[in-house]
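Data from protein.cif: mmCIF, C-alpha atoms
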data_structure
loop_
_atom_site.group_PDB
_atom_site.id
_atom_site.type_symbol
_atom_site.label_atom_id
_atom_site.label_comp_id
_atom_site.auth_asym_id
_atom_site.auth_seq_id
_atom_site.Cartn_x
_atom_site.Cartn_y
_atom_site.Cartn_z
ATOM 1 C CA MET H 224 148.268 59.525 125.515
ATOM 2 C CA THR H 225 146.022 58.564 122.616
ATOM 3 C CA GLU H 226 146.133 60.379 119.294
ATOM 4 C CA ALA H 227 143.545 60.286 116.550
ATOM 5 C CA ALA H 228 144.097 57.717 113.842
ATOM 6 C CA SER H 229 145.559 58.996 110.612
ATOM 7 C CA ILE H 230 146.362 57.696 107.154
ATOM 8 C CA LEU H 231 150.111 57.381 106.674
ATOM 9 C CA TYR H 232 149.985 55.907 103.165
ATOM 10 C CA ASP H 233 147.181 55.752 100.626
ATOM 11 C CA LEU H 234 148.673 53.393 98.050
ATOM 12 C CA PRO H 235 147.151 51.894 94.905
ATOM 13 C CA SER H 236 146.470 48.564 96.626
ATOM 14 C CA HIS H 237 146.663 49.319 100.344
ATOM 15 C CA THR H 238 146.095 51.928 102.982
ATOM 16 C CA VAL H 239 148.267 52.145 106.087
ATOM 17 C CA ARG H 240 146.831 53.900 109.127
ATOM 18 C CA ARG H 241 148.266 54.595 112.576
ATOM 19 C CA THR H 242 147.031 55.510 115.992
ATOM 20 C CA VAL H 243 149.251 56.327 118.978
ATOM 21 C CA VAL H 244 148.239 54.940 122.374
ATOM 22 C CA SER H 245 149.355 54.906 126.013
ATOM 23 C CA GLY H 246 151.780 57.008 128.005
ATOM 24 C CA MET H 247 154.595 55.255 126.157
ATOM 25 C CA ALA H 248 153.366 56.557 122.782
ATOM 26 C CA ASN H 249 153.025 53.132 121.208
ATOM 27 C CA ASN H 250 152.230 53.020 117.519
ATOM 28 C CA VAL H 251 149.416 50.741 116.369
ATOM 29 C CA TYR H 252 149.299 50.204 112.597
ATOM 30 C CA LEU H 253 146.479 48.945 110.398
ATOM 31 C CA ILE H 254 146.981 47.773 106.810
ATOM 32 C CA THR H 255 143.909 47.375 104.599
ATOM 33 C CA ALA H 256 143.842 45.635 101.218
ATOM 34 C CA LYS H 257 141.651 47.811 99.017
ATOM 35 C CA ALA H 258 140.564 44.999 96.698
ATOM 36 C CA THR H 259 139.393 42.596 99.403
ATOM 37 C CA GLY H 260 138.952 44.552 102.642
ATOM 38 C CA ALA H 261 141.321 42.204 104.507
ATOM 39 C CA GLN H 262 143.245 43.918 107.288
ATOM 40 C CA ILE H 263 146.333 43.194 109.342
ATOM 41 C CA LEU H 264 146.763 45.100 112.598
ATOM 42 C CA ILE H 265 150.313 45.402 113.902
ATOM 43 C CA ASP H 266 150.799 45.644 117.682
ATOM 44 C CA ALA H 267 147.601 45.772 119.727
ATOM 45 C CA ALA H 268 149.549 47.808 122.233
ATOM 46 C CA ASP H 269 146.876 49.348 124.473
ATOM 47 C CA ASP H 270 143.526 51.146 124.594
ATOM 48 C CA LEU H 271 140.974 48.911 122.859
ATOM 49 C CA PRO H 272 138.576 51.835 122.219
ATOM 50 C CA ALA H 273 141.330 53.677 120.323
ATOM 51 C CA ILE H 274 142.080 50.542 118.305
ATOM 52 C CA ASN H 275 138.376 50.164 117.537
ATOM 53 C CA SER H 276 138.333 53.779 116.354
ATOM 54 C CA LEU H 277 141.326 53.048 114.118
ATOM 55 C CA ILE H 278 139.458 50.103 112.590
ATOM 56 C CA ALA H 279 136.284 52.158 112.220
ATOM 57 C CA ASP H 280 138.203 54.936 110.456
ATOM 58 C CA ALA H 281 139.290 52.364 107.860
ATOM 59 C CA ALA H 282 135.721 51.303 107.104
ATOM 60 C CA HIS H 283 135.821 53.032 103.714
ATOM 61 C CA ASP H 284 139.409 52.212 102.767
ATOM 62 C CA SER H 285 138.112 49.482 100.423
ATOM 63 C CA PRO H 286 136.131 51.077 97.581
ATOM 64 C CA GLY H 287 133.092 49.578 95.918
ATOM 65 C CA GLY H 288 131.181 48.699 99.044
ATOM 66 C CA ILE H 289 133.628 46.062 100.266
ATOM 67 C CA VAL H 290 133.428 45.796 104.042
ATOM 68 C CA PRO H 291 136.893 45.629 105.661
ATOM 69 C CA HIS H 292 137.523 42.826 108.126
ATOM 70 C CA LEU H 293 140.357 42.172 110.541
ATOM 71 C CA ALA H 294 142.065 39.051 109.190
ATOM 72 C CA MET H 295 145.209 38.974 111.357
ATOM 73 C CA ILE H 296 146.777 40.588 114.424
ATOM 74 C CA ALA H 297 150.574 40.624 114.175
ATOM 75 C CA THR H 298 152.863 41.394 117.103
ATOM 76 C CA THR H 299 156.403 42.676 116.618
ATOM 77 C CA HIS H 300 157.685 41.468 120.006
ATOM 78 C CA GLN H 301 156.707 40.241 123.434
ATOM 79 C CA HIS H 302 157.168 43.346 125.618
ATOM 80 C CA TRP H 303 154.144 44.178 127.734
ATOM 81 C CA ASP H 304 153.621 47.633 126.282
ATOM 82 C CA HIS H 305 153.006 46.117 122.830
ATOM 83 C CA VAL H 306 150.415 43.506 123.855
ATOM 84 C CA ARG H 307 148.208 45.139 126.503
ATOM 85 C CA ALA H 308 145.113 45.170 124.259
ATOM 86 C CA LEU H 309 145.899 41.922 122.442
ATOM 87 C CA GLY H 310 143.739 39.673 124.600
ATOM 88 C CA ALA H 311 140.742 41.994 124.432
ATOM 89 C CA LEU H 312 141.053 42.448 120.667
ATOM 90 C CA VAL H 313 141.311 38.702 120.071
ATOM 91 C CA SER H 314 138.276 38.096 122.280
ATOM 92 C CA GLN H 315 136.303 40.769 120.465
ATOM 93 C CA THR H 316 137.184 39.846 116.886
ATOM 94 C CA GLY H 317 138.325 36.219 116.897
ATOM 95 C CA ALA H 318 141.159 37.227 114.581
ATOM 96 C CA PRO H 319 144.163 34.895 114.446
ATOM 97 C CA THR H 320 147.529 36.062 115.744
ATOM 98 C CA ALA H 321 151.107 35.993 114.492
ATOM 99 C CA ALA H 322 154.448 36.704 116.187
ATOM 100 C CA GLY H 323 158.075 35.622 116.226
ATOM 101 C CA PHE H 324 158.599 32.006 117.262
ATOM 102 C CA GLU H 325 161.024 32.842 120.070
ATOM 103 C CA ASP H 326 158.573 35.354 121.603
ATOM 104 C CA VAL H 327 155.507 33.115 121.622
ATOM 105 C CA GLU H 328 155.955 31.987 125.233
ATOM 106 C CA GLY H 329 156.659 35.541 126.378
ATOM 107 C CA ILE H 330 153.491 36.860 124.743
ATOM 108 C CA ALA H 331 151.429 34.138 126.363
ATOM 109 C CA ALA H 332 152.973 34.985 129.745
ATOM 110 C CA GLU H 333 152.310 38.720 129.328
ATOM 111 C CA CYS H 334 148.705 38.614 128.161
ATOM 112 C CA GLY H 335 147.494 35.021 128.044
ATOM 113 C CA VAL H 336 147.185 34.930 124.243
ATOM 114 C CA SER H 337 148.481 31.985 122.256
ATOM 115 C CA THR H 338 150.065 32.659 118.869
ATOM 116 C CA ASP H 339 148.342 30.983 115.950
ATOM 117 C CA ARG H 340 151.138 31.638 113.465
ATOM 118 C CA PRO H 341 154.671 31.509 114.940
ATOM 119 C CA LEU H 342 157.063 33.120 112.475
ATOM 120 C CA ARG H 343 160.688 32.485 111.648
ATOM 121 C CA HIS H 344 163.038 34.617 109.570
ATOM 122 C CA GLY H 345 161.912 34.808 105.961
ATOM 123 C CA ASP H 346 158.415 33.466 106.551
ATOM 124 C CA ILE H 347 155.590 35.084 104.594
ATOM 125 C CA LEU H 348 152.516 36.270 106.459
ATOM 126 C CA SER H 349 149.707 36.494 103.959
ATOM 127 C CA VAL H 350 146.019 37.271 104.088
ATOM 128 C CA ASP H 351 143.751 38.056 101.172
ATOM 129 C CA GLY H 352 145.528 40.912 99.413
ATOM 130 C CA ILE H 353 148.285 41.634 101.978
ATOM 131 C CA THR H 354 151.678 39.954 101.999
ATOM 132 C CA LEU H 355 154.240 40.712 104.701
ATOM 133 C CA GLU H 356 157.721 39.247 104.969
ATOM 134 C CA ALA H 357 158.860 38.384 108.496
ATOM 135 C CA VAL H 358 162.385 39.597 109.241
ATOM 136 C CA HIS H 359 163.781 38.213 112.492
ATOM 137 C CA LEU H 360 165.883 40.832 114.307
ATOM 138 C CA ARG H 361 167.498 39.301 117.383
ATOM 139 C CA GLY H 362 168.560 41.437 120.332
ATOM 140 C CA HIS H 363 165.742 43.614 121.616
ATOM 141 C CA THR H 364 163.853 40.424 122.390
ATOM 142 C CA PRO H 365 164.723 36.902 121.229
ATOM 143 C CA GLY H 366 161.885 36.793 118.712
ATOM 144 C CA SER H 367 161.487 40.379 117.531
ATOM 145 C CA ILE H 368 160.052 40.550 114.021
ATOM 146 C CA ALA H 369 159.993 43.370 111.496
ATOM 147 C CA PHE H 370 157.144 43.062 109.014
ATOM 148 C CA VAL H 371 157.890 44.249 105.473
ATOM 149 C CA LEU H 372 155.121 45.254 103.084
ATOM 150 C CA THR H 373 156.426 44.728 99.576
ATOM 151 C CA ALA H 374 156.825 47.801 97.419
ATOM 152 C CA GLU H 375 153.962 48.619 95.105
ATOM 153 C CA LYS H 376 154.615 49.792 91.550
ATOM 154 C CA GLY H 377 156.767 52.882 91.683
ATOM 155 C CA GLY H 378 156.758 52.892 95.481
ATOM 156 C CA ALA H 379 158.988 51.805 98.329
ATOM 157 C CA PRO H 380 158.827 48.896 100.769
ATOM 158 C CA ILE H 381 157.354 49.705 104.169
ATOM 159 C CA ILE H 382 159.127 48.194 107.182
ATOM 160 C CA PHE H 383 157.209 47.908 110.442
ATOM 161 C CA SER H 384 160.278 47.639 112.661
ATOM 162 C CA GLY H 385 158.813 47.315 116.154
ATOM 163 C CA ASP H 386 161.400 48.354 118.730
ATOM 164 C CA SER H 387 164.376 47.075 116.726
ATOM 165 C CA LEU H 388 165.060 50.121 114.541
ATOM 166 C CA PHE H 389 164.309 53.790 115.159
ATOM 167 C CA PRO H 390 165.458 57.109 113.738
ATOM 168 C CA GLY H 391 168.958 57.439 115.184
ATOM 169 C CA GLY H 392 169.662 53.880 116.243
ATOM 170 C CA VAL H 393 168.606 50.368 117.073
ATOM 171 C CA GLY H 394 166.387 49.377 119.978
ATOM 172 C CA ASN H 395 167.275 48.871 123.619
ATOM 173 C CA THR H 396 169.465 45.837 124.269
ATOM 174 C CA GLY H 397 169.858 46.262 128.024
ATOM 175 C CA ALA H 398 173.458 47.546 127.848
ATOM 176 C CA ASP H 399 174.473 44.027 126.788
ATOM 177 C CA PRO H 400 177.216 44.269 124.141
ATOM 178 C CA VAL H 401 176.445 40.813 122.781
ATOM 179 C CA ARG H 402 172.766 41.620 122.289
ATOM 180 C CA PHE H 403 173.641 45.010 120.801
ATOM 181 C CA THR H 404 176.052 43.516 118.291
ATOM 182 C CA GLN H 405 173.522 40.851 117.328
ATOM 183 C CA LEU H 406 170.770 43.402 116.798
ATOM 184 C CA LEU H 407 172.930 45.789 114.799
ATOM 185 C CA ASP H 408 174.264 42.913 112.702
ATOM 186 C CA ASP H 409 170.748 41.715 111.962
ATOM 187 C CA VAL H 410 169.478 45.202 111.163
ATOM 188 C CA GLN H 411 172.427 45.779 108.848
ATOM 189 C CA ASP H 412 172.318 42.364 107.145
ATOM 190 C CA ARG H 413 168.562 41.820 107.027
ATOM 191 C CA LEU H 414 167.216 45.343 106.467
ATOM 192 C CA PHE H 415 169.888 47.717 105.189
ATOM 193 C CA ALA H 416 171.524 45.189 102.851
ATOM 194 C CA PRO H 417 168.480 43.856 100.979
ATOM 195 C CA TYR H 418 166.226 46.922 100.954
ATOM 196 C CA PRO H 419 166.726 50.265 99.169
ATOM 197 C CA ASP H 420 167.295 53.668 100.700
ATOM 198 C CA SER H 421 163.714 54.557 99.812
ATOM 199 C CA ALA H 422 162.325 51.907 102.186
ATOM 200 C CA GLN H 423 160.067 53.497 104.790
ATOM 201 C CA VAL H 424 160.639 52.530 108.437
ATOM 202 C CA LEU H 425 157.680 52.675 110.825
ATOM 203 C CA PRO H 426 158.857 51.949 114.387
ATOM 204 C CA GLY H 427 156.963 50.889 117.489
ATOM 205 C CA HIS H 428 157.217 54.368 119.026
ATOM 206 C CA GLY H 429 157.627 57.815 117.548
ATOM 207 C CA ASP H 430 157.952 59.012 113.989
ATOM 208 C CA GLY H 431 159.173 57.095 110.999
ATOM 209 C CA THR H 432 162.311 57.368 108.924
ATOM 210 C CA THR H 433 163.859 55.796 105.826
ATOM 211 C CA LEU H 434 166.768 53.427 105.458
ATOM 212 C CA GLY H 435 168.503 56.088 103.385
ATOM 213 C CA ALA H 436 168.263 58.639 106.194
ATOM 214 C CA GLU H 437 169.929 56.219 108.631
ATOM 215 C CA ARG H 438 172.388 54.254 106.481
ATOM 216 C CA SER H 439 175.396 56.553 106.847
ATOM 217 C CA SER H 440 175.078 56.409 110.652
ATOM 218 C CA LEU H 441 175.572 52.643 110.953
ATOM 219 C CA PRO H 442 179.335 52.901 111.701
ATOM 220 C CA GLN H 443 178.646 55.568 114.334
ATOM 221 C CA TRP H 444 176.046 53.364 116.037
ATOM 222 C CA ARG H 445 178.479 50.467 116.152
ATOM 223 C CA GLU H 446 181.235 52.633 117.571
ATOM 224 C CA ARG H 447 179.110 54.149 120.329
ATOM 225 C CA GLY H 448 177.673 50.746 121.307
ATOM 226 C CA TRP H 449 173.974 51.649 121.430
#
Would you write out, as C-alpha cells, the structure that this file holds?
Amino acid sequence: MTEAASILYDLPSHTVRRTVVSGMANNVYLITAKATGAQILIDAADDLPAINSLIADAAHDSPGGIVPHLAMIATTHQHWDHVRALGALVSQTGAPTAAGFEDVEGIAAECGVSTDRPLRHGDILSVDGITLEAVHLRGHTPGSIAFVLTAEKGGAPIIFSGDSLFPGGVGNTGADPVRFTQLLDDVQDRLFAPYPDSAQVLPGHGDGTTLGAERSSLPQWRERGW
C-alpha cells in the first residue's frame, strides 16, 4: 500500500509531510526548513519512488526560490520494515544518516548502510534550520529513538515516535515483561513527563495522537502488560 504524500503541518518555520508505504502501512516523514530548504527524512521504510514523490511534493515548501535539499536521513529503529529503502535513498542522494547508537549494527545488518551519526539519549540532531532532540526509548529495539521537533511560537512539540508509542499503547516488546516495563518507563519518564499534553505524536504506523489523549491511560497500559 502506498498513499499520496500529504502535508501534516504547515508551520511558520517548517513543513511536515508524510507518505504511507508498503503492506505494513509504514509512515515516512519529511521535515523541511522553510528558510533554508534543508530537509530531514525520517524512516526510509520502503518504495523509493514514493519517497521521491514525497520529496518532489516538498519542492515548493521553501518560499523565495530556495531549492530544498535532503540534508539527513534519520531512522527511528533497526527493524527491516523501516529501512528497506534506506540503502537506495543513500545511494541516490548521498545524504548522511542518523540512528540510535544501539541499533547501528542492526541497521547495517538489515540493509548494509552504515550510520554516520549514532545518537544517544539527549543528543541534538541539527541541520540548517531543523533541530531534533533524540529521545532514547529502550524496549521495542535496544536503540529505538524518538525525534522531537521543538515547538514553534504558539505551537506544540512534534514527536516522531517510531514504533515505541502509538495511540492506545506502547510498541511491541515481544511479550517480554522486562522489555515492556523498560519501554513504558522510558515513554513515561522521557516523553510524558517533560512534554505537554499538546505535544503531537507521529508514530511509525497509522494515525497520530497527542500526549494529552494518551496520558490518562498510562496506568491501564501498565496493568495490562502491553
Original post:
Quick one: residues within 6 Å of H:Thr255, all atoms listed in the file counted, chain neighbours fewer than 3 positions away excluded, as a list in words?
Top reply: His237, Thr238, Ala261 and Gln262 of chain H
Scan for residues within 6 Å of the point (161.4, 32.7, 115.7) in the coordinates of the file, using only C-alpha atoms, and reply as a short mmCIF file (atom, residue, chain, number, x, y, z; two decimals) with C-alpha atoms, in the frame of the given file.
data_model
loop_
_atom_site.label_atom_id
_atom_site.label_comp_id
_atom_site.auth_asym_id
_atom_site.auth_seq_id
_atom_site.Cartn_x
_atom_site.Cartn_y
_atom_site.Cartn_z
CA GLY H 323 158.07 35.62 116.23
CA PHE H 324 158.60 32.01 117.26
CA GLU H 325 161.02 32.84 120.07
CA LEU H 342 157.06 33.12 112.48
CA ARG H 343 160.69 32.48 111.65
CA GLY H 366 161.88 36.79 118.71
#
Subject >> Atomic separation - atom CA of H:Thr320 relative to atom CA of H:Gly260, Å >> reply: 17.8 Å
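Residues in contact with H:Ser337 at 8 Å, where all atoms listed in the file are counted and same-chain residues fewer than 4 positions away are skipped, are listed as H:Thr320, H:Val327, H:Ile330, H:Ala331.
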With the file shown as input, list the residues that the PyMOL selection byres ((chain H and resi 391-405) around 7) selects, as a compact mmCIF listing (two decimals) with C-alpha atoms, keeping the file's coordinate frame.
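Output saved as result36.txt:
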# COMPACT_ATOMS: atom_id res chain seq x y z
CA ARG H 361 167.50 39.30 117.38
CA GLY H 362 168.56 41.44 120.33
CA HIS H 363 165.74 43.61 121.62
CA ASP H 386 161.40 48.35 118.73
CA SER H 387 164.38 47.08 116.73
CA LEU H 388 165.06 50.12 114.54
CA PHE H 389 164.31 53.79 115.16
CA PRO H 390 165.46 57.11 113.74
CA LEU H 406 170.77 43.40 116.80
CA LEU H 407 172.93 45.79 114.80
CA ASP H 408 174.26 42.91 112.70
CA ASP H 409 170.75 41.72 111.96
CA GLU H 437 169.93 56.22 108.63
CA TRP H 444 176.05 53.36 116.04
CA TRP H 449 173.97 51.65 121.43
**OP:** For H:Ile230, list every protein, DNA or RNA residue within 9 Å, evaluated using all atoms listed in the file, and leave out those in the same chain fewer than 2 positions away; present the list as an MDAnalysis selection string.
**Re:** chainID H and resid 228 232:233 238:241 281
**OP:** Report as a PyMOL selection string the full result of the PyMOL selection byres ((chain H and resi 378) around 10) when it is applied to this structure.
**Re:** chain H and resi 234-235+373-377+379-381+421-423
Original post:
For H:Ala267, which residue among H:Gln443, H:Thr316, H:Thr298, H:Gln411 is the nearest when counting all atoms listed in the file?
Top reply: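 Smallest distance to H:Ala267 is found for H:Thr298.
Here atom CA of H:Met295 is placed at a distance of 10.7 Å from atom CA of H:Ala322.
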Original post:
Counting only C-alpha atoms, which of H:Ala282, H:Asp351, H:Gly310, H:His302 gets nearest to H:Thr259?
Top reply: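 For H:Thr259, the nearest of the candidates is H:Asp351.
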Subject >> Expected selection from the PyMOL selection byres ((chain H and resi 244) around 12), given as a count of residues only >> reply: 36
Around stretch 398-416 of chain H, fit a box with edges along x, y and z, padding it by 5 Å on each side, then list its centre and edge lengths in Å to one decimal as JSON.
{"center_x": 172.2, "center_y": 44.3, "center_z": 115.3, "size_x": 20.0, "size_y": 16.9, "size_z": 35.0}
**OP:** Kindly give the distance, in Å, that separates atom CA of H:Gly352 and atom CA of H:Leu231, rounded to a single decimal.
**Re:** 18.6 Å
**OP:** Between H:Ser440, H:Gln315, H:Gly448, H:Trp303, single out the one closest to H:Cys334, counting only C-alpha atoms.
**Re:** H:Trp303
Original post:
Excluding same-chain residues fewer than 5 positions from H:Phe383, what lies within 6 Å of it counting all atoms listed in the file, as an MDAnalysis selection string?
Top reply: chainID H and resid 369:370 425:426
H:Ala416: which residues within 10 Å, counting only C-alpha atoms, same-chain residues fewer than 6 positions away excluded, as a PDB file with C-alpha atoms, in the coordinates of the input?
ATOM      1  CA  ASP H 409     170.748  41.715 111.962  1.00  0.00           C
ATOM      2  CA  VAL H 410     169.478  45.202 111.163  1.00  0.00           C
ATOM      3  CA  LEU H 434     166.768  53.427 105.458  1.00  0.00           C
ATOM      4  CA  ARG H 438     172.388  54.254 106.481  1.00  0.00           C
TER       5      ARG H 438
END
